[in-house]
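Chemist: Handing over target21.cif, mmCIF, C-alpha atoms and all ligand atoms.
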```cif
data_structure
loop_
_atom_site.label_atom_id
_atom_site.label_comp_id
_atom_site.auth_asym_id
_atom_site.auth_seq_id
_atom_site.Cartn_x
_atom_site.Cartn_y
_atom_site.Cartn_z
CA MET G 1 -25.48 8.21 6.78
CA GLN G 2 -26.55 5.40 4.50
CA VAL G 3 -23.43 3.27 4.71
CA GLN G 4 -24.01 0.36 7.10
CA LYS G 5 -20.72 0.02 8.88
CA GLY G 6 -19.24 -3.43 9.09
CA GLY G 7 -21.85 -4.95 6.75
CA ASN G 8 -22.50 -8.62 7.27
CA LEU G 9 -19.35 -10.08 5.81
CA THR G 10 -18.29 -12.97 8.00
CA ALA G 11 -16.57 -15.49 5.70
CA MET G 12 -13.20 -16.97 6.67
CA SER G 13 -11.39 -14.53 4.46
CA ASP G 14 -12.74 -11.48 6.29
CA ILE G 15 -10.55 -9.35 8.47
CA MET G 16 -12.08 -6.65 10.65
CA ILE G 17 -10.07 -3.50 11.25
CA LYS G 18 -11.06 -2.31 14.72
CA LEU G 19 -10.12 1.26 15.56
CA SER G 20 -11.31 3.34 18.50
CA HIS G 21 -13.56 5.40 16.20
CA LYS G 22 -14.41 2.95 13.44
CA THR G 23 -14.60 -0.74 12.47
CA TYR G 24 -14.58 -1.96 8.88
CA PRO G 25 -14.12 -5.22 7.00
CA ILE G 26 -11.50 -6.34 4.51
CA HIS G 27 -13.06 -9.03 2.36
CA ILE G 28 -10.66 -11.24 0.40
CA GLU G 29 -12.00 -13.72 -2.12
CA LYS G 30 -10.97 -14.97 -5.55
CA GLY G 31 -13.74 -14.02 -8.01
CA LEU G 32 -15.20 -11.35 -5.71
CA MET G 33 -15.57 -8.97 -8.65
CA ASP G 34 -18.30 -11.29 -10.00
CA SER G 35 -20.54 -10.44 -7.05
CA ILE G 36 -19.29 -6.94 -6.29
CA GLY G 37 -22.67 -5.25 -6.91
CA LYS G 38 -24.31 -7.46 -4.29
CA GLU G 39 -21.43 -6.93 -1.85
CA ILE G 40 -21.78 -3.15 -2.12
CA LYS G 41 -25.54 -3.51 -1.64
CA LYS G 42 -24.89 -5.21 1.72
CA ILE G 43 -23.08 -2.17 3.07
CA TYR G 44 -24.66 0.79 1.25
CA SER G 45 -28.34 1.53 1.03
CA GLY G 46 -28.06 4.92 -0.72
CA LYS G 47 -28.58 5.67 -4.42
CA LYS G 48 -25.55 7.45 -5.84
CA ILE G 49 -22.03 6.09 -6.39
CA ALA G 50 -19.02 7.81 -7.96
CA VAL G 51 -16.37 5.34 -9.12
CA VAL G 52 -12.81 6.63 -9.54
CA THR G 53 -10.34 4.54 -11.48
CA ASP G 54 -7.36 4.89 -13.81
CA SER G 55 -7.10 4.40 -17.56
CA ASN G 56 -5.53 0.90 -17.35
CA VAL G 57 -7.78 -0.52 -14.67
CA ASN G 58 -10.81 1.04 -16.34
CA SER G 59 -10.09 -0.88 -19.55
CA PHE G 60 -10.15 -4.19 -17.64
CA TYR G 61 -12.71 -3.71 -14.88
CA GLY G 62 -14.41 -0.29 -15.19
CA GLN G 63 -17.36 -1.36 -17.27
CA LYS G 64 -17.84 -4.56 -15.28
CA LEU G 65 -18.06 -2.63 -12.00
CA GLU G 66 -20.36 0.05 -13.42
CA GLU G 67 -22.73 -2.57 -14.86
CA ALA G 68 -22.75 -4.59 -11.62
CA LEU G 69 -23.66 -1.45 -9.65
CA LYS G 70 -26.33 -0.41 -12.13
CA GLU G 71 -27.86 -3.88 -11.84
CA GLU G 72 -28.38 -3.06 -8.17
CA ASN G 73 -30.16 0.14 -9.29
CA TYR G 74 -27.46 2.58 -8.25
CA ASN G 75 -27.00 5.88 -10.05
CA VAL G 76 -23.33 5.44 -11.08
CA LYS G 77 -20.78 7.62 -12.78
CA THR G 78 -17.17 6.57 -13.43
CA PHE G 79 -14.33 9.11 -13.41
CA VAL G 80 -11.09 8.02 -15.06
CA VAL G 81 -7.65 9.50 -14.35
CA GLU G 82 -4.50 8.75 -16.35
CA ALA G 83 -2.62 5.70 -15.04
CA GLY G 84 0.57 6.55 -13.13
CA GLU G 85 1.94 8.47 -10.15
CA LYS G 86 1.49 11.83 -11.95
CA SER G 87 -2.23 11.53 -11.25
CA LYS G 88 -1.61 11.87 -7.50
CA SER G 89 -1.29 15.61 -8.08
CA ILE G 90 -3.10 18.74 -6.98
CA ASN G 91 -4.27 19.42 -10.54
CA VAL G 92 -5.87 16.00 -10.91
CA LEU G 93 -7.34 16.38 -7.41
CA LEU G 94 -8.92 19.73 -8.35
CA LYS G 95 -10.45 18.16 -11.45
CA LEU G 96 -11.73 15.26 -9.33
CA TYR G 97 -13.35 17.66 -6.81
CA ASP G 98 -15.05 19.34 -9.75
CA ASP G 99 -16.23 15.98 -11.15
CA LEU G 100 -17.61 14.84 -7.78
CA LEU G 101 -19.40 18.12 -7.11
CA GLY G 102 -20.62 18.25 -10.73
CA PHE G 103 -22.21 14.83 -10.08
CA GLU G 104 -23.88 16.50 -7.06
CA MET G 105 -22.36 14.14 -4.51
CA THR G 106 -23.46 14.63 -0.91
CA ARG G 107 -22.13 13.26 2.37
CA GLY G 108 -24.74 10.52 2.19
CA ASP G 109 -23.40 9.14 -1.10
CA LEU G 110 -20.54 6.73 -1.75
CA ILE G 111 -17.23 6.94 -3.61
CA ILE G 112 -15.46 3.79 -4.80
CA ALA G 113 -11.71 3.72 -5.51
CA LEU G 114 -11.02 1.03 -8.12
CA GLY G 115 -7.31 0.69 -8.82
CA GLY G 116 -3.79 0.61 -7.45
CA GLY G 117 -2.26 2.75 -4.73
CA VAL G 118 -2.38 5.88 -6.86
CA VAL G 119 -6.14 5.71 -7.31
CA GLY G 120 -6.65 4.66 -3.68
CA ASP G 121 -4.57 7.50 -2.23
CA LEU G 122 -6.00 10.17 -4.57
CA THR G 123 -9.61 9.04 -4.21
CA GLY G 124 -9.28 8.57 -0.46
CA PHE G 125 -7.95 12.09 -0.07
CA ALA G 126 -10.72 13.49 -2.30
CA ALA G 127 -13.29 11.52 -0.26
CA ALA G 128 -11.81 12.81 3.02
CA THR G 129 -11.91 16.43 1.98
CA THR G 130 -14.88 16.87 -0.36
CA LEU G 131 -17.75 18.34 1.71
CA ARG G 132 -15.63 17.51 4.80
CA GLY G 133 -15.89 13.81 4.12
CA ILE G 134 -17.83 11.42 1.88
CA PRO G 135 -17.78 7.68 2.74
CA PHE G 136 -15.62 5.60 0.43
CA VAL G 137 -14.84 1.99 -0.40
CA GLN G 138 -11.55 0.57 -1.63
CA ILE G 139 -11.38 -2.03 -4.40
CA PRO G 140 -7.58 -2.37 -4.69
CA THR G 141 -6.34 -3.99 -7.89
CA SER G 142 -2.52 -4.00 -7.66
CA LEU G 143 -0.67 -6.32 -5.27
CA LEU G 144 0.77 -3.32 -3.43
CA ALA G 145 -2.69 -1.84 -2.96
CA GLN G 146 -4.19 -5.17 -1.86
CA ILE G 147 -1.62 -5.81 0.87
CA ASP G 148 -0.67 -2.32 1.89
CA SER G 149 -2.05 0.98 0.63
CA SER G 150 -5.78 0.19 0.82
CA ILE G 151 -5.48 -0.67 4.53
CA GLY G 152 -4.62 1.68 7.33
CA GLY G 153 -6.31 4.89 6.28
CA LYS G 154 -3.37 6.84 4.90
CA VAL G 155 -4.55 8.93 1.94
CA ALA G 156 -2.54 11.61 0.15
CA VAL G 157 -1.49 13.48 -2.94
CA ASP G 158 2.00 14.58 -3.99
CA LEU G 159 3.35 18.10 -4.31
CA PRO G 160 6.09 19.24 -6.73
CA ARG G 161 8.28 19.40 -3.59
CA GLY G 162 7.74 15.76 -2.64
CA LYS G 163 5.53 12.70 -2.38
CA ASN G 164 2.51 12.40 -0.06
CA LEU G 165 3.02 15.87 1.39
CA ILE G 166 -0.70 16.63 1.64
CA GLY G 167 -2.64 13.87 3.28
CA ASN G 168 -4.88 12.61 5.98
CA PHE G 169 -5.91 9.54 7.92
CA TYR G 170 -9.29 8.59 6.45
CA HIS G 171 -10.49 5.00 6.54
CA PRO G 172 -12.78 3.34 4.00
CA GLU G 173 -16.13 1.76 4.90
CA ALA G 174 -14.87 -1.55 3.50
CA VAL G 175 -12.08 -3.02 1.38
CA PHE G 176 -12.95 -5.61 -1.29
CA ILE G 177 -10.00 -7.63 -2.55
CA ASP G 178 -10.30 -9.97 -5.54
CA PRO G 179 -6.89 -11.66 -6.02
CA ASN G 180 -7.98 -12.79 -9.52
CA VAL G 181 -7.55 -9.24 -10.85
CA LEU G 182 -3.80 -9.66 -10.36
CA LYS G 183 -3.82 -11.85 -13.49
CA THR G 184 -3.93 -8.72 -15.63
CA LEU G 185 -1.31 -6.85 -13.59
CA ASP G 186 1.99 -6.37 -15.38
CA LYS G 187 4.77 -8.59 -13.92
CA LYS G 188 6.82 -5.48 -13.13
CA PHE G 189 4.10 -4.30 -10.72
CA LEU G 190 3.57 -7.80 -9.32
CA HIS G 191 7.24 -7.96 -8.36
CA ASP G 192 7.11 -4.39 -7.12
CA GLY G 193 4.35 -5.41 -4.68
CA MET G 194 6.41 -8.43 -3.65
CA GLY G 195 8.93 -6.02 -2.10
CA GLU G 196 6.32 -5.15 0.55
CA VAL G 197 5.12 -8.77 0.87
CA ILE G 198 8.69 -9.88 1.64
CA LYS G 199 8.96 -7.02 4.13
CA TYR G 200 5.96 -8.34 6.11
CA GLY G 201 7.60 -11.76 6.33
CA ALA G 202 10.94 -10.25 7.33
CA ILE G 203 9.54 -8.09 10.15
CA LYS G 204 6.73 -10.22 11.55
CA ASP G 205 6.30 -13.69 10.08
CA ARG G 206 9.19 -16.09 9.45
CA ALA G 207 6.77 -18.78 8.19
CA LEU G 208 5.47 -16.38 5.53
CA PHE G 209 9.05 -15.60 4.53
CA ASP G 210 9.86 -19.31 4.21
CA THR G 211 6.68 -19.96 2.21
CA LEU G 212 7.63 -17.22 -0.25
CA LEU G 213 11.10 -18.70 -0.48
CA SER G 214 9.65 -22.14 -1.24
CA PHE G 215 7.59 -21.12 -4.30
CA ASN G 216 9.17 -22.17 -7.58
CA ASP G 217 7.81 -19.40 -9.77
CA ASP G 218 5.19 -16.65 -10.16
CA GLU G 219 2.57 -19.21 -11.14
CA GLU G 220 2.92 -20.98 -7.80
CA LEU G 221 2.87 -17.61 -6.07
CA LEU G 222 -0.33 -16.57 -7.85
CA ASN G 223 -1.98 -19.92 -7.08
CA ASN G 224 -1.48 -19.19 -3.39
CA ILE G 225 -1.80 -15.42 -3.51
CA ASP G 226 -5.12 -15.20 -1.62
CA GLU G 227 -3.51 -16.74 1.46
CA ILE G 228 -0.47 -14.50 1.12
CA ILE G 229 -2.68 -11.42 0.84
CA TYR G 230 -4.66 -12.55 3.88
CA LYS G 231 -1.49 -12.94 5.96
CA CYS G 232 -0.14 -9.53 4.92
CA CYS G 233 -3.46 -7.78 5.61
CA ASN G 234 -3.58 -9.42 9.03
CA ILE G 235 -0.11 -8.16 9.89
CA LYS G 236 -1.04 -4.66 8.76
CA LYS G 237 -4.29 -4.86 10.74
CA GLU G 238 -2.45 -5.73 13.95
CA VAL G 239 0.08 -2.96 13.50
CA VAL G 240 -2.47 -0.30 12.51
CA GLU G 241 -4.86 -1.18 15.34
CA LYS G 242 -2.07 -0.70 17.88
CA ASP G 243 -0.76 2.52 16.38
CA GLU G 244 -3.13 4.14 13.90
CA LYS G 245 -1.30 7.44 13.62
CA ASP G 246 2.19 6.08 12.96
CA LYS G 247 3.83 7.16 16.21
CA GLY G 248 5.04 3.82 17.53
CA ASP G 249 4.79 0.22 16.32
CA ARG G 250 3.48 1.20 12.87
CA MET G 251 6.95 2.53 12.14
CA MET G 252 8.02 -1.12 11.97
CA LEU G 253 6.36 -1.20 8.53
CA ASN G 254 9.11 1.17 7.42
CA PHE G 255 11.73 -1.60 7.35
CA GLY G 256 13.86 -0.89 4.26
CA HIS G 257 12.04 2.40 3.68
CA THR G 258 14.50 4.91 5.17
CA ILE G 259 17.13 4.01 2.59
CA GLY G 260 14.47 3.00 0.02
CA HIS G 261 12.76 6.40 0.00
CA ALA G 262 16.13 8.14 -0.33
CA ILE G 263 17.07 5.92 -3.31
CA GLU G 264 13.73 6.63 -5.03
CA LYS G 265 14.19 10.34 -4.54
CA TYR G 266 17.88 10.31 -5.47
CA PHE G 267 16.96 8.91 -8.89
CA ASN G 268 14.00 11.25 -9.17
CA TYR G 269 11.52 8.32 -8.99
CA GLU G 270 12.56 7.27 -12.48
CA ARG G 271 15.07 4.46 -12.01
CA TYR G 272 13.62 2.28 -9.24
CA THR G 273 10.03 1.43 -8.36
CA HIS G 274 9.05 1.73 -4.70
CA GLY G 275 9.27 -2.05 -4.17
CA GLU G 276 12.70 -2.18 -5.81
CA ALA G 277 14.03 0.68 -3.68
CA VAL G 278 12.64 -0.93 -0.50
CA ALA G 279 14.24 -4.23 -1.53
CA ILE G 280 17.65 -2.55 -1.74
CA GLY G 281 16.96 -0.72 1.54
CA MET G 282 16.07 -3.97 3.38
CA TYR G 283 19.18 -5.75 2.15
CA LYS G 284 21.58 -2.85 2.71
CA ILE G 285 20.55 -2.09 6.28
CA THR G 286 20.52 -5.79 7.19
CA GLU G 287 23.94 -6.38 5.67
CA LYS G 288 25.25 -3.62 7.95
CA SER G 289 23.32 -4.59 11.10
CA GLU G 290 24.46 -8.18 10.64
CA ALA G 291 28.09 -7.05 10.37
CA MET G 292 27.58 -5.05 13.59
CA GLY G 293 26.38 -8.20 15.35
CA ILE G 294 22.83 -6.88 15.82
CA THR G 295 21.13 -9.23 13.36
CA GLU G 296 21.39 -13.02 13.31
CA LYS G 297 24.09 -14.27 10.93
CA GLY G 298 22.87 -15.44 7.52
CA THR G 299 19.83 -13.09 7.45
CA ALA G 300 21.16 -10.79 4.71
CA ASP G 301 21.96 -13.81 2.54
CA LEU G 302 18.41 -15.14 2.88
CA LEU G 303 17.07 -11.69 2.02
CA LYS G 304 19.29 -11.61 -1.05
CA LYS G 305 18.05 -15.05 -2.09
CA ILE G 306 14.37 -14.13 -1.82
CA LEU G 307 14.83 -10.79 -3.60
CA ILE G 308 16.56 -12.49 -6.53
CA LYS G 309 13.71 -15.03 -6.68
CA TYR G 310 11.16 -12.25 -7.20
CA SER G 311 13.34 -10.30 -9.67
CA LEU G 312 14.03 -7.54 -7.16
CA PRO G 313 17.40 -5.80 -6.83
CA PHE G 314 19.44 -5.98 -3.63
CA GLU G 315 22.31 -3.73 -4.58
CA ILE G 316 22.88 -0.50 -6.34
CA GLU G 317 25.88 0.81 -8.23
CA ALA G 318 27.96 3.52 -6.59
CA LEU G 319 25.81 6.33 -5.36
CA ASP G 320 26.68 9.52 -3.58
CA LYS G 321 26.38 8.52 0.09
CA CYS G 322 26.33 12.17 1.22
CA LYS G 323 23.38 12.97 -1.04
CA VAL G 324 21.49 9.93 0.23
CA LEU G 325 22.15 10.95 3.83
CA GLU G 326 20.99 14.48 3.05
CA THR G 327 17.79 13.09 1.50
CA ILE G 328 17.18 10.92 4.57
CA SER G 329 17.57 13.91 6.89
CA MET G 330 14.94 15.79 4.84
CA ASP G 331 12.41 12.92 5.03
CA LYS G 332 9.24 14.17 6.75
CA LYS G 333 9.27 11.08 8.98
CA ASN G 334 12.57 12.03 10.60
CA ASP G 335 13.49 14.67 13.17
CA ARG G 336 16.46 16.84 12.29
CA ASP G 337 18.83 15.21 14.78
CA ARG G 338 17.47 11.74 15.37
CA ILE G 339 16.16 8.99 13.12
CA ASN G 340 14.08 5.91 13.85
CA ILE G 341 15.46 3.02 11.84
CA ILE G 342 14.01 -0.46 11.66
CA LEU G 343 16.35 -3.40 12.13
CA LEU G 344 15.89 -7.15 12.35
CA ASN G 345 16.93 -9.23 15.36
CA LYS G 346 16.34 -12.14 13.02
CA LEU G 347 13.90 -12.95 10.23
CA GLY G 348 10.34 -12.44 11.50
CA GLU G 349 11.42 -10.15 14.34
CA ALA G 350 12.02 -6.43 13.86
CA PHE G 351 12.59 -3.57 16.26
CA ILE G 352 12.78 0.22 16.16
CA LYS G 353 16.13 1.86 16.96
CA ASN G 354 16.31 5.57 17.56
CA ILE G 355 19.75 6.80 16.49
CA ASP G 356 21.61 10.06 16.15
CA SER G 357 21.27 11.06 12.45
CA LYS G 358 25.05 11.35 12.27
CA LEU G 359 25.26 7.59 12.80
CA MET G 360 22.99 6.85 9.82
CA GLU G 361 26.01 6.58 7.54
CA ASN G 362 27.02 3.38 9.36
CA TYR G 363 23.85 1.73 8.08
CA ILE G 364 24.22 2.48 4.36
N1 LIG V 401 -1.68 4.84 1.54
C1 LIG V 401 -0.71 4.03 1.88
O1 LIG V 401 -0.63 3.54 3.02
C2 LIG V 401 0.32 3.66 0.84
C3 LIG V 401 1.22 2.62 1.09
C4 LIG V 401 2.11 2.26 0.08
C5 LIG V 401 2.10 2.95 -1.13
N2 LIG V 401 1.20 3.95 -1.33
C6 LIG V 401 1.15 4.67 -2.61
O2 LIG V 401 0.73 3.75 -3.61
C7 LIG V 401 1.17 4.23 -4.88
C8 LIG V 401 1.70 3.08 -5.68
O3 LIG V 401 0.68 2.12 -5.84
P1 LIG V 401 0.74 1.03 -7.00
O4 LIG V 401 2.05 0.38 -6.99
O5 LIG V 401 -0.48 0.22 -6.89
O6 LIG V 401 0.75 1.94 -8.30
P2 LIG V 401 -0.37 2.29 -9.35
O7 LIG V 401 -1.64 2.64 -8.70
O8 LIG V 401 0.23 3.29 -10.27
O9 LIG V 401 -0.58 0.91 -10.11
C9 LIG V 401 0.48 0.36 -10.84
C10 LIG V 401 0.10 0.14 -12.30
O10 LIG V 401 -0.67 -1.02 -12.40
C11 LIG V 401 -1.88 -0.75 -13.10
N3 LIG V 401 -2.87 -1.67 -12.54
C12 LIG V 401 -3.34 -1.68 -11.26
N4 LIG V 401 -4.11 -2.76 -11.08
C13 LIG V 401 -4.14 -3.44 -12.25
C14 LIG V 401 -4.75 -4.65 -12.67
N5 LIG V 401 -5.44 -5.42 -11.85
N6 LIG V 401 -4.58 -5.03 -13.97
C15 LIG V 401 -3.83 -4.28 -14.80
N7 LIG V 401 -3.21 -3.14 -14.46
C16 LIG V 401 -3.37 -2.73 -13.19
C17 LIG V 401 -2.14 0.71 -12.90
O11 LIG V 401 -2.93 1.25 -13.92
C18 LIG V 401 -0.71 1.27 -12.92
O12 LIG V 401 -0.30 1.44 -14.25
C19 LIG V 401 2.21 5.30 -4.59
O13 LIG V 401 1.67 6.56 -4.89
C20 LIG V 401 2.48 5.18 -3.10
O14 LIG V 401 2.82 6.42 -2.51
C21 LIG V 401 0.32 4.31 -0.37
#
```
Would you encode the structure as structure tokens?
Ligand SMILES: NC(=O)c1ccc[n+]([C@@H]2O[C@H](COP(=O)([O-])OP(=O)(O)OC[C@H]3O[C@@H](n4cnc5c(N)ncnc54)[C@H](O)[C@@H]3O)[C@@H](O)[C@H]2O)c1
Modeler:
Amino acid sequence: MQVQKGGNLTAMSDIMIKLSHKTYPIHIEKGLMDSIGKEIKKIYSGKKIAVVTDSNVNSFYGQKLEEALKEENYNVKTFVVEAGEKSKSINVLLKLYDDLLGFEMTRGDLIIALGGGVVGDLTGFAAATTLRGIPFVQIPTSLLAQIDSSIGGKVAVDLPRGKNLIGNFYHPEAVFIDPNVLKTLDKKFLHDGMGEVIKYGAIKDRALFDTLLSFNDDEELLNNIDEIIYKCCNIKKEVVEKDEKDKGDRMMLNFGHTIGHAIEKYFNYERYTHGEAVAIGMYKITEKSEAMGITEKGTADLLKKILIKYSLPFEIEALDKCKVLETISMDKKNDRDRINIILLNKLGEAFIKNIDSKLMENYI
């Protein structure tokens, strides 16, 4: 194995993910893409690198990354998939296997995922399964990927029957986050990622929530985004280290997701982005839990305020409650009869409540 685990990244903005079987760094630094070749050199002493990216990200950063790696004398080939969720499919995966094997990749080589969550999940799953596992590195470029999907080892592709139905836990050797790349990210996707950022504040960090509430506009947010990313990654680190396989505390990250996933599915993934659906899910469940006296008064209003600030929805026009409940009961995360839902005691403090599925309708 030529990948040197852990590397020698020790700057302030480094976070180490420490699992029982593996430790790896998340390096966060504005302008990191300018020295990315040298950063990869610190952790990988092999020769061959396959870069996987999507058509949008490739047009901004593909050439830059390939040139930086070639400058370090790597043998590099870039494989580009179409931008969008449709690329997280079996067909694209099969083509990617063929590309990687056609490039004669071995288990001693390295794969780099350069892109948003789609590229990260697809590439991670390809890396996990090609030749029973090739080391890979994440260079996440969307806000969602930088604070969520690139960390924690979940990799997957979708099936016609549903999202993320074939997957694995497979961690990267390192994650390199350059917040400057968010400057080219469409505002729609920036706000989409903010859904998950707000979630971290709501479940674990009241100060983060208040900071987000205090920003006047996206410009102020982007000026401070490296610190925000750092805080989110740290929360995810703590949760993942305690519960890598999603059987306990990691479920806390699903705040807003039980209803959110059902809304996404109900509208066939066409009407609401993931962040938008989670935003509605967080508000809806909190509105109900507050009315039941479980959540501190005023919490739903603050959630509404912050969602409006980041152009995220908090409500949805009339939808068929029965269909949503049916979708929730089919979610792979839920047992047939019981559901784990995530509620807030107050902002910054969440807990898991295991309820009879029949009671779910009280929370919608
Ligand atoms: N593995 C996990 O733990 C996990 C967690 C959450 C979500 N996900 C998955 O992540 C996926 C969604 O990720 P996403 O929101 O990043 O979507 P995405 O990968 O489709 O990226 C969103 C869009 O932004 C573009 N883009 C990305 N970075 C850019 C940049 N810097 N400049 C310009 N354009 C850029 C992409 O080309 C795409 O069009 C879903 O498939 C979801 O299931 C996985």
Chemist: Quick one: pull the distance between CA of Asn75 in chain G and CA of Glu29 in chain G, Å, one decimal.
Modeler: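 Going from CA of Asn75 in chain G over to CA of Glu29 in chain G, I get 25.9 Å.
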Chemist: Please find the residues contacting ligand LIG 401 (chain V) at a distance of at most 6 Å between atoms, with all atoms listed in the file counted, and report them as a compact mmCIF listing (two decimals) with C-alpha atoms, keeping the file's coordinate frame.
Modeler:
```txt
# COMPACT_ATOMS: atom_id res chain seq x y z
CA ASP G 54 -7.36 4.89 -13.81
CA ASN G 56 -5.53 0.90 -17.35
CA VAL G 57 -7.78 -0.52 -14.67
CA ALA G 83 -2.62 5.70 -15.04
CA GLY G 84 0.57 6.55 -13.13
CA GLU G 85 1.94 8.47 -10.15
CA GLY G 115 -7.31 0.69 -8.82
CA GLY G 116 -3.79 0.61 -7.45
CA GLY G 117 -2.26 2.75 -4.73
CA VAL G 118 -2.38 5.88 -6.86
CA VAL G 119 -6.14 5.71 -7.31
CA ASP G 121 -4.57 7.50 -2.23
CA THR G 141 -6.34 -3.99 -7.89
CA SER G 142 -2.52 -4.00 -7.66
CA LEU G 144 0.77 -3.32 -3.43
CA ALA G 145 -2.69 -1.84 -2.96
CA ASP G 148 -0.67 -2.32 1.89
CA SER G 149 -2.05 0.98 0.63
CA LYS G 154 -3.37 6.84 4.90
CA VAL G 155 -4.55 8.93 1.94
CA VAL G 181 -7.55 -9.24 -10.85
CA LEU G 182 -3.80 -9.66 -10.36
CA THR G 184 -3.93 -8.72 -15.63
CA LEU G 185 -1.31 -6.85 -13.59
CA PHE G 189 4.10 -4.30 -10.72
```
Chemist: Rounded to one decimal place, report the CA of Val197 in chain G-CA of Lys353 in chain G distance in Å.
Modeler: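 According to the coordinates, CA of Val197 in chain G and CA of Lys353 in chain G are separated by 22.2 Å.
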Chemist: Please measure the separation of CA of Lys297 in chain G and CA of Asn234 in chain G, giving the value in Å to one decimal.
Modeler: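 Separating CA of Lys297 in chain G from CA of Asn234 in chain G is a distance of 28.2 Å.
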Chemist: List as a list in words the residues having at least one atom at most 10 Å from position (7.5, -11.9, 9.8) as given in the file, counting only C-alpha atoms.
Modeler: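 Taken together, the residues in range are Val197, Ile198, Lys199, Tyr200, Gly201, Ala202, Ile203, Lys204, Asp205, Arg206, Ala207, Leu208, Phe209, Asp210, Lys231, Cys232, Ile235, Leu344, Lys346, Leu347, Gly348, Glu349 and Ala350 of chain G.
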Chemist: Skip range 269-285 of chain G itself and residues of its chain fewer than 4 positions away, then list as a ChimeraX atom specification all residues within 10 Å of it, counting all atoms listed in the file.
Modeler: /G:85,144,163,188-199,202,254-265,289-291,299-304,306-308,311-316,341-344,360,362-364
Chemist: If we count only C-alpha atoms, what is near Tyr97 in chain G at a cut-off of 10 Å, once residues fewer than 4 positions away on the same chain are taken out, given as a ChimeraX atom specification?
Modeler: /G:91-93,101-103,105,123,126-127,129-131
Chemist: List the neighbours of Ser89 in chain G out to 9 Å using all atoms listed in the file; skip same-chain residues closer than 3 positions along the sequence, and give me the result as a list in words.
Modeler: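 Listing them by chain and then by number gives Glu85, Lys86, Val92, Leu93, Leu94, Leu122, Val157, Asp158, Leu159 and Pro160 of chain G.
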Chemist: Would you please work out which residue, of G:Ser329, G:Ile147, G:Asn58, G:Pro25, is nearest to Pro172 in chain G when using all atoms listed in the file?
Modeler: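 Closest candidate: G:Pro25.
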Chemist: For each of G:Leu114, G:Ile26, G:Leu165, G:Val239, take the minimum atom-to-atom distance to Ser13 in chain G, counting only C-alpha atoms, then give the residue where this is smallest.
Modeler: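 Nearest to Ser13 in chain G: G:Ile26.
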Chemist: Between G:Val175, G:Ile229, G:Ala128, G:Leu359, which is the closest to Ala156 in chain G once you count only C-alpha atoms?
Modeler: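 When distances to Ala156 in chain G are compared using only C-alpha atoms, the smallest one comes from G:Ala128.
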Chemist: At a cut-off of 6 Å from (9.0, -17.4, -9.3) in the coordinates of the file, what residues are picked up using all atoms listed in the file, written as a list in words?
Modeler: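 Those residues lying close to the given coordinates are Asn216, Asp217, Asp218, Lys309 and Tyr310 of chain G.
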Chemist: Might you pull out every residue within 7 Å of Ser357 in chain G, with only C-alpha atoms counted and same-chain residues fewer than 3 positions away left off, and present them as a PDB file with C-alpha atoms, keeping the file's coordinate frame?
Modeler:
```pdb
ATOM      1  CA  ASP G 337      18.830  15.210  14.780  1.00  0.00           C
ATOM      2  CA  ARG G 338      17.470  11.740  15.370  1.00  0.00           C
ATOM      3  CA  ILE G 339      16.160   8.990  13.120  1.00  0.00           C
ATOM      4  CA  MET G 360      22.990   6.850   9.820  1.00  0.00           C
TER       5      MET G 360
END
```
Chemist: Quick one: residues within 9 Å of range 30-40 of chain G, all atoms listed in the file counted, chain neighbours fewer than 5 positions away excluded, as a list of chain:residue names?
Modeler: G:Gly7, G:Leu9, G:Ser45, G:Tyr61, G:Lys64, G:Leu65, G:Glu66, G:Glu67, G:Ala68, G:Leu69, G:Lys70, G:Glu71, G:Glu72, G:Val137, G:Phe176, G:Ile177, G:Asp178, G:Pro179, G:Asn180, G:Val181, G:Asp226
